[in-house]
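Participant: Structure incoming, see below.
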Amino acid sequence: MDEMLILVDAEDNSVGSQTKTLVHQQGLLHRAFSIFIFNSQGRLLLQQRAYGKYHSAGLWTNTCCGHPRWGEATQAAAQRRLQEEMGFCTELLQVSSFTYRAEVPGDLIEHEFDHIYVGLFDGEPQEDPEEAHSWLWVDIRQLAQEIKNDPDKFTVWFRTIMNNIDAAEIERWGKLVPH
C-alpha cells in the first residue's frame, strides 16, 4: 500500500494528505525530515541509498531521511526511520528547517518542508539493505569540498543543505547534542 504523506502550506501547517507516489509525481509540498548523526569526534554519518530505491538510488546522503505518517509527530517519525534504516536509536534535536523543490530521477519532484534533526552515536550502524547500501563517517569540511567537486554522487536535498549552510554551522550542530 502506498504510504500517505502529510501535505503542508508554506508555514508547515497540515492541509491534508496524499499518497507518496502522487505527491512526488505532482511535486506537492509535504512534510519531511533529514537526520544528521555525528560521532564524538565530530564526524558525520553518511548513508549510501540502496540501489533498489525508487529514486536517487545509490547516491550518498545524510544519515537518514523520510516522512512522518498522517497523525505521527515529526520527531517520532525521525526516531522510527533512524531505527528502521540504520538500526539504532539516539536522542534527536531539531536544529533547522527549510523548504526546497527539485526534480529527482524518475520524472519525480521533491517539494518538501524539511525538518533537520541532529544526534550523537558512536557505534556501528546495522543498516537495512532495502534502505541503505553502505555507510561511512566523514569530516564535514572534506565532505563540503567533495560535494563541490562531484555533486552528482549526492542526493539533491543533501546537496541543498550542504550548499546553503556553512560547514562551520554544520560542525556546530554536532556539538549541540549531549555528549
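Chain identifiers are assigned as A, B, and so on, following the order in which chains appear in the C-alpha cells; residues are numbered from 1 within each chain, and ligands are numbered from 1 in order of appearance.
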Using only C-alpha atoms, determine which residues lie at most 12 Å from Asn164 of chain A, disregarding the query and same-chain residues fewer than 5 positions distant; provide the list as a PyMOL selection string.

Facilitator: chain A and resi 97-100+144+157-159+169-170

Participant: Please save N, CA and C atoms of the selected residues as a CSV table (one decimal), in the first residue's frame.

Facilitator:
```csv
chain,number,residue,atom,x,y,z
A,97,SER,N,15.0,24.1,9.7
A,97,SER,CA,14.1,23.6,8.7
A,97,SER,C,14.2,24.5,7.5
A,98,PHE,N,13.8,24.0,6.4
A,98,PHE,CA,13.8,24.7,5.1
A,98,PHE,C,12.8,24.1,4.1
A,99,THR,N,12.5,24.8,3.1
A,99,THR,CA,11.7,24.3,2.0
A,99,THR,C,12.5,24.3,0.7
A,100,TYR,N,12.4,23.2,0.0
A,100,TYR,CA,13.0,23.2,-1.3
A,100,TYR,C,12.1,22.4,-2.3
A,144,ALA,N,32.2,18.8,2.3
A,144,ALA,CA,31.8,20.0,1.6
A,144,ALA,C,32.6,20.2,0.3
A,157,TRP,N,18.6,16.8,-2.0
A,157,TRP,CA,18.3,17.5,-0.7
A,157,TRP,C,19.5,17.7,0.1
A,158,PHE,N,20.4,16.7,0.1
A,158,PHE,CA,21.6,16.8,0.9
A,158,PHE,C,22.5,17.9,0.3
A,159,ARG,N,22.6,17.9,-1.0
A,159,ARG,CA,23.4,19.0,-1.6
A,159,ARG,C,22.8,20.4,-1.3
A,169,GLU,N,28.8,25.9,10.5
A,169,GLU,CA,27.5,25.8,11.2
A,169,GLU,C,27.1,24.3,11.3
A,170,ILE,N,27.3,23.5,10.3
A,170,ILE,CA,27.0,22.1,10.4
A,170,ILE,C,27.9,21.4,11.4
```

Participant: Can you list, as a tab-separated table (two decimals) with N, CA and C atoms, in the first residue's frame, every residue of chain A that DSSP puts in helix (DSSP H, G or I)?

Facilitator:
```tsv
chain	number	residue	atom	x	y	z
A	20	LYS	N	2.21	8.87	-1.34
A	20	LYS	CA	3.60	9.22	-1.61
A	20	LYS	C	3.86	9.31	-3.11
A	21	THR	N	3.31	8.37	-3.85
A	21	THR	CA	3.52	8.36	-5.31
A	21	THR	C	2.98	9.63	-5.94
A	22	LEU	N	1.74	9.96	-5.66
A	22	LEU	CA	1.12	11.16	-6.24
A	22	LEU	C	1.83	12.43	-5.80
A	23	VAL	N	2.20	12.50	-4.53
A	23	VAL	CA	2.91	13.67	-4.00
A	23	VAL	C	4.18	13.93	-4.81
A	24	HIS	N	4.94	12.87	-5.09
A	24	HIS	CA	6.20	13.03	-5.80
A	24	HIS	C	6.00	13.18	-7.32
A	25	GLN	N	4.93	12.67	-7.85
A	25	GLN	CA	4.64	12.88	-9.27
A	25	GLN	C	4.21	14.32	-9.54
A	26	GLN	N	3.43	14.89	-8.62
A	26	GLN	CA	2.88	16.24	-8.82
A	26	GLN	C	3.69	17.33	-8.12
A	74	THR	N	6.57	14.62	13.86
A	74	THR	CA	7.76	14.58	13.01
A	74	THR	C	8.95	13.97	13.75
A	75	GLN	N	9.17	14.36	15.00
A	75	GLN	CA	10.31	13.81	15.74
A	75	GLN	C	10.14	12.31	15.98
A	76	ALA	N	8.93	11.86	16.26
A	76	ALA	CA	8.68	10.42	16.44
A	76	ALA	C	8.96	9.67	15.13
A	77	ALA	N	8.58	10.27	14.01
A	77	ALA	CA	8.85	9.65	12.71
A	77	ALA	C	10.35	9.57	12.45
A	78	ALA	N	11.07	10.62	12.83
A	78	ALA	CA	12.52	10.62	12.64
A	78	ALA	C	13.16	9.50	13.46
A	79	GLN	N	12.72	9.33	14.69
A	79	GLN	CA	13.23	8.24	15.54
A	79	GLN	C	12.92	6.88	14.91
A	80	ARG	N	11.69	6.73	14.44
A	80	ARG	CA	11.27	5.46	13.82
A	80	ARG	C	12.13	5.12	12.61
A	81	ARG	N	12.31	6.10	11.73
A	81	ARG	CA	13.07	5.84	10.50
A	81	ARG	C	14.55	5.60	10.76
A	82	LEU	N	15.12	6.28	11.75
A	82	LEU	CA	16.52	6.05	12.08
A	82	LEU	C	16.71	4.60	12.51
A	83	GLN	N	15.79	4.09	13.32
A	83	GLN	CA	15.86	2.69	13.74
A	83	GLN	C	15.66	1.76	12.54
A	84	GLU	N	14.67	2.06	11.70
A	84	GLU	CA	14.37	1.19	10.56
A	84	GLU	C	15.50	1.18	9.54
A	85	GLU	N	16.06	2.33	9.22
A	85	GLU	CA	17.08	2.42	8.18
A	85	GLU	C	18.47	2.04	8.65
A	86	MET	N	18.86	2.56	9.84
A	86	MET	CA	20.25	2.42	10.27
A	86	MET	C	20.43	1.53	11.49
A	140	ILE	N	33.32	17.00	7.96
A	140	ILE	CA	32.39	17.94	7.31
A	140	ILE	C	33.08	18.79	6.24
A	141	ARG	N	34.25	19.32	6.54
A	141	ARG	CA	34.91	20.21	5.56
A	141	ARG	C	35.38	19.44	4.33
A	142	GLN	N	35.86	18.23	4.52
A	142	GLN	CA	36.23	17.40	3.36
A	142	GLN	C	34.99	17.04	2.55
A	143	LEU	N	33.89	16.76	3.24
A	143	LEU	CA	32.63	16.45	2.57
A	143	LEU	C	32.15	17.64	1.74
A	144	ALA	N	32.20	18.83	2.31
A	144	ALA	CA	31.77	20.03	1.58
A	144	ALA	C	32.57	20.20	0.29
A	145	GLN	N	33.86	19.93	0.35
A	145	GLN	CA	34.71	20.03	-0.85
A	145	GLN	C	34.34	18.95	-1.86
A	146	GLU	N	34.09	17.75	-1.38
A	146	GLU	CA	33.73	16.65	-2.29
A	146	GLU	C	32.40	16.93	-2.99
A	147	ILE	N	31.45	17.52	-2.28
A	147	ILE	CA	30.17	17.87	-2.89
A	147	ILE	C	30.37	18.91	-3.99
A	148	LYS	N	31.27	19.85	-3.78
A	148	LYS	CA	31.57	20.85	-4.83
A	148	LYS	C	32.24	20.19	-6.02
A	149	ASN	N	33.15	19.24	-5.77
A	149	ASN	CA	33.91	18.60	-6.84
A	149	ASN	C	33.10	17.56	-7.61
A	151	PRO	N	29.21	16.75	-7.37
A	151	PRO	CA	27.86	16.85	-6.80
A	151	PRO	C	26.92	15.72	-7.18
A	152	ASP	N	27.12	15.09	-8.31
A	152	ASP	CA	26.20	14.06	-8.77
A	152	ASP	C	26.26	12.77	-7.95
A	153	LYS	N	27.22	12.65	-7.03
A	153	LYS	CA	27.30	11.49	-6.14
A	153	LYS	C	26.33	11.60	-4.97
A	156	VAL	N	19.86	15.34	-4.02
A	156	VAL	CA	19.56	16.76	-4.22
A	156	VAL	C	19.28	17.47	-2.91
A	157	TRP	N	18.55	16.84	-1.97
A	157	TRP	CA	18.26	17.51	-0.71
A	157	TRP	C	19.51	17.68	0.14
A	158	PHE	N	20.39	16.69	0.11
A	158	PHE	CA	21.63	16.78	0.88
A	158	PHE	C	22.54	17.87	0.31
A	159	ARG	N	22.65	17.91	-1.01
A	159	ARG	CA	23.43	18.99	-1.65
A	159	ARG	C	22.85	20.35	-1.30
A	160	THR	N	21.52	20.45	-1.30
A	160	THR	CA	20.86	21.72	-0.97
A	160	THR	C	21.25	22.17	0.44
A	161	ILE	N	21.18	21.27	1.38
A	161	ILE	CA	21.56	21.60	2.76
A	161	ILE	C	23.03	22.00	2.82
A	162	MET	N	23.89	21.17	2.27
A	162	MET	CA	25.33	21.40	2.36
A	162	MET	C	25.77	22.66	1.61
A	163	ASN	N	25.08	22.99	0.53
A	163	ASN	CA	25.46	24.18	-0.25
A	163	ASN	C	24.89	25.47	0.33
A	164	ASN	N	23.88	25.38	1.19
A	164	ASN	CA	23.23	26.58	1.71
A	164	ASN	C	23.52	26.85	3.18
A	167	ALA	N	29.76	25.15	6.39
A	167	ALA	CA	30.33	23.95	7.02
A	167	ALA	C	30.56	24.15	8.51
A	168	ALA	N	30.96	25.35	8.91
A	168	ALA	CA	31.18	25.62	10.34
A	168	ALA	C	29.88	25.50	11.13
A	169	GLU	N	28.77	25.91	10.54
A	169	GLU	CA	27.47	25.78	11.20
A	169	GLU	C	27.09	24.31	11.34
A	170	ILE	N	27.34	23.53	10.30
A	170	ILE	CA	27.03	22.10	10.37
A	170	ILE	C	27.92	21.42	11.41
A	171	GLU	N	29.19	21.82	11.48
A	171	GLU	CA	30.06	21.29	12.53
A	171	GLU	C	29.51	21.65	13.92
A	172	ARG	N	28.97	22.85	14.05
A	172	ARG	CA	28.39	23.30	15.33
A	172	ARG	C	27.21	22.41	15.73
A	173	TRP	N	26.43	21.95	14.72
A	173	TRP	CA	25.31	21.06	15.03
A	173	TRP	C	25.77	19.85	15.82
A	174	GLY	N	26.93	19.31	15.44
A	174	GLY	CA	27.46	18.13	16.11
A	174	GLY	C	27.81	18.37	17.56
A	175	LYS	N	28.00	19.63	17.93
A	175	LYS	CA	28.33	19.98	19.31
A	175	LYS	C	27.09	20.29	20.13
A	176	LEU	N	25.93	20.39	19.47
A	176	LEU	CA	24.69	20.71	20.17
A	176	LEU	C	24.08	19.52	20.89
```

Participant: Write out as a PyMOL selection string the residues lying within 12 Å of Ala10 of chain A, counting only C-alpha atoms and excluding same-chain residues fewer than 2 positions away.

Facilitator: chain A and resi 7-8+12-15+28-31+97-100+111-114

Participant: Restricting the calculation to only C-alpha atoms, which member of A:Leu44, A:Ile165, A:Val95, A:Val177 is positioned closest to Asn62 of chain A?

Facilitator: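 Selected residue with least distance to Asn62 of chain A: A:Leu44.
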
Participant: Would you mind listing what lies within 9 Å of Glu130 of chain A as a PyMOL selection string, with only C-alpha atoms counted and same-chain residues fewer than 6 positions away left out?

Facilitator: chain A and resi 49-53+85

Participant: Show which residues sit within 7 Å of Gly66 of chain A, as a VMD selection string. Count only C-alpha atoms, and ignore same-chain residues fewer than 6 positions away.

Facilitator: chain A and resid 32 to 34 81

Participant: Could the residues in this selection be written to a file with all heavy atoms, as a PDB file, in the first residue's frame?

Facilitator:
```
ATOM      1  N   ALA A  32       8.711  16.594   5.706  1.00  0.00           N
ATOM      2  CA  ALA A  32       9.793  15.617   5.651  1.00  0.00           C
ATOM      3  C   ALA A  32      10.801  15.934   6.757  1.00  0.00           C
ATOM      4  O   ALA A  32      10.697  16.958   7.431  1.00  0.00           O
ATOM      5  CB  ALA A  32      10.473  15.661   4.288  1.00  0.00           C
ATOM      6  N   PHE A  33      11.777  15.049   6.912  1.00  0.00           N
ATOM      7  CA  PHE A  33      12.859  15.305   7.863  1.00  0.00           C
ATOM      8  C   PHE A  33      14.159  14.739   7.314  1.00  0.00           C
ATOM      9  O   PHE A  33      14.164  13.799   6.518  1.00  0.00           O
ATOM     10  CB  PHE A  33      12.554  14.706   9.245  1.00  0.00           C
ATOM     11  CG  PHE A  33      12.250  13.237   9.216  1.00  0.00           C
ATOM     12  CD1 PHE A  33      13.268  12.297   9.213  1.00  0.00           C
ATOM     13  CD2 PHE A  33      10.941  12.796   9.170  1.00  0.00           C
ATOM     14  CE1 PHE A  33      12.978  10.942   9.156  1.00  0.00           C
ATOM     15  CE2 PHE A  33      10.639  11.442   9.123  1.00  0.00           C
ATOM     16  CZ  PHE A  33      11.669  10.511   9.118  1.00  0.00           C
ATOM     17  N   SER A  34      15.249  15.356   7.733  1.00  0.00           N
ATOM     18  CA  SER A  34      16.597  14.900   7.421  1.00  0.00           C
ATOM     19  C   SER A  34      17.358  14.813   8.729  1.00  0.00           C
ATOM     20  O   SER A  34      17.334  15.751   9.524  1.00  0.00           O
ATOM     21  CB  SER A  34      17.305  15.876   6.478  1.00  0.00           C
ATOM     22  OG  SER A  34      16.685  15.902   5.216  1.00  0.00           O
ATOM     23  N   ARG A  81      12.309   6.103  11.727  1.00  0.00           N
ATOM     24  CA  ARG A  81      13.068   5.835  10.497  1.00  0.00           C
ATOM     25  C   ARG A  81      14.549   5.599  10.764  1.00  0.00           C
ATOM     26  O   ARG A  81      15.180   4.793  10.089  1.00  0.00           O
ATOM     27  CB  ARG A  81      12.899   6.974   9.486  1.00  0.00           C
ATOM     28  CG  ARG A  81      11.534   7.027   8.845  1.00  0.00           C
ATOM     29  CD  ARG A  81      11.165   5.737   8.123  1.00  0.00           C
ATOM     30  NE  ARG A  81      11.991   5.534   6.949  1.00  0.00           N
ATOM     31  CZ  ARG A  81      12.163   4.363   6.327  1.00  0.00           C
ATOM     32  NH1 ARG A  81      11.553   3.276   6.770  1.00  0.00           N
ATOM     33  NH2 ARG A  81      12.924   4.271   5.268  1.00  0.00           N
TER      34      ARG A  81
END
```

Participant: May I ask which of the residues A:Asp166, A:Glu110, A:Glu72, A:Asp128 is the closest one to Phe88 of chain A, counting only C-alpha atoms?

Facilitator: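 When distances to Phe88 of chain A are compared using only C-alpha atoms, the smallest one comes from A:Asp128.
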
Participant: With distances taken over only C-alpha atoms, which residue among A:Gln126, A:Ser17, A:Ser96, A:Ser56 lies nearest Trp70 of chain A?

Facilitator: A:Ser17

Participant: Residues within 7 Å of Gln94 of chain A, please, as a PyMOL selection string. Count only C-alpha atoms; anything in the same chain fewer than 5 positions from it doesn't count.

Facilitator: chain A and resi 115-118

Participant: Report the residues of segment 7-177 of chain A whose backbone DSSP state falls under strand (DSSP E), written as number ranges by chain.

Facilitator: A: 7-8, 14-19, 30-38, 44-49, 60-61, 64-66, 93-104, 108-120, 132-138

Participant: Looking at A:Ile6, A:Leu59, A:Ile35, A:Leu108, which one is nearest to Asp150 of chain A, with distances taken over only C-alpha atoms?

Facilitator: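 Checking each candidate against Asp150 of chain A, we get A:Leu59 as the closest.
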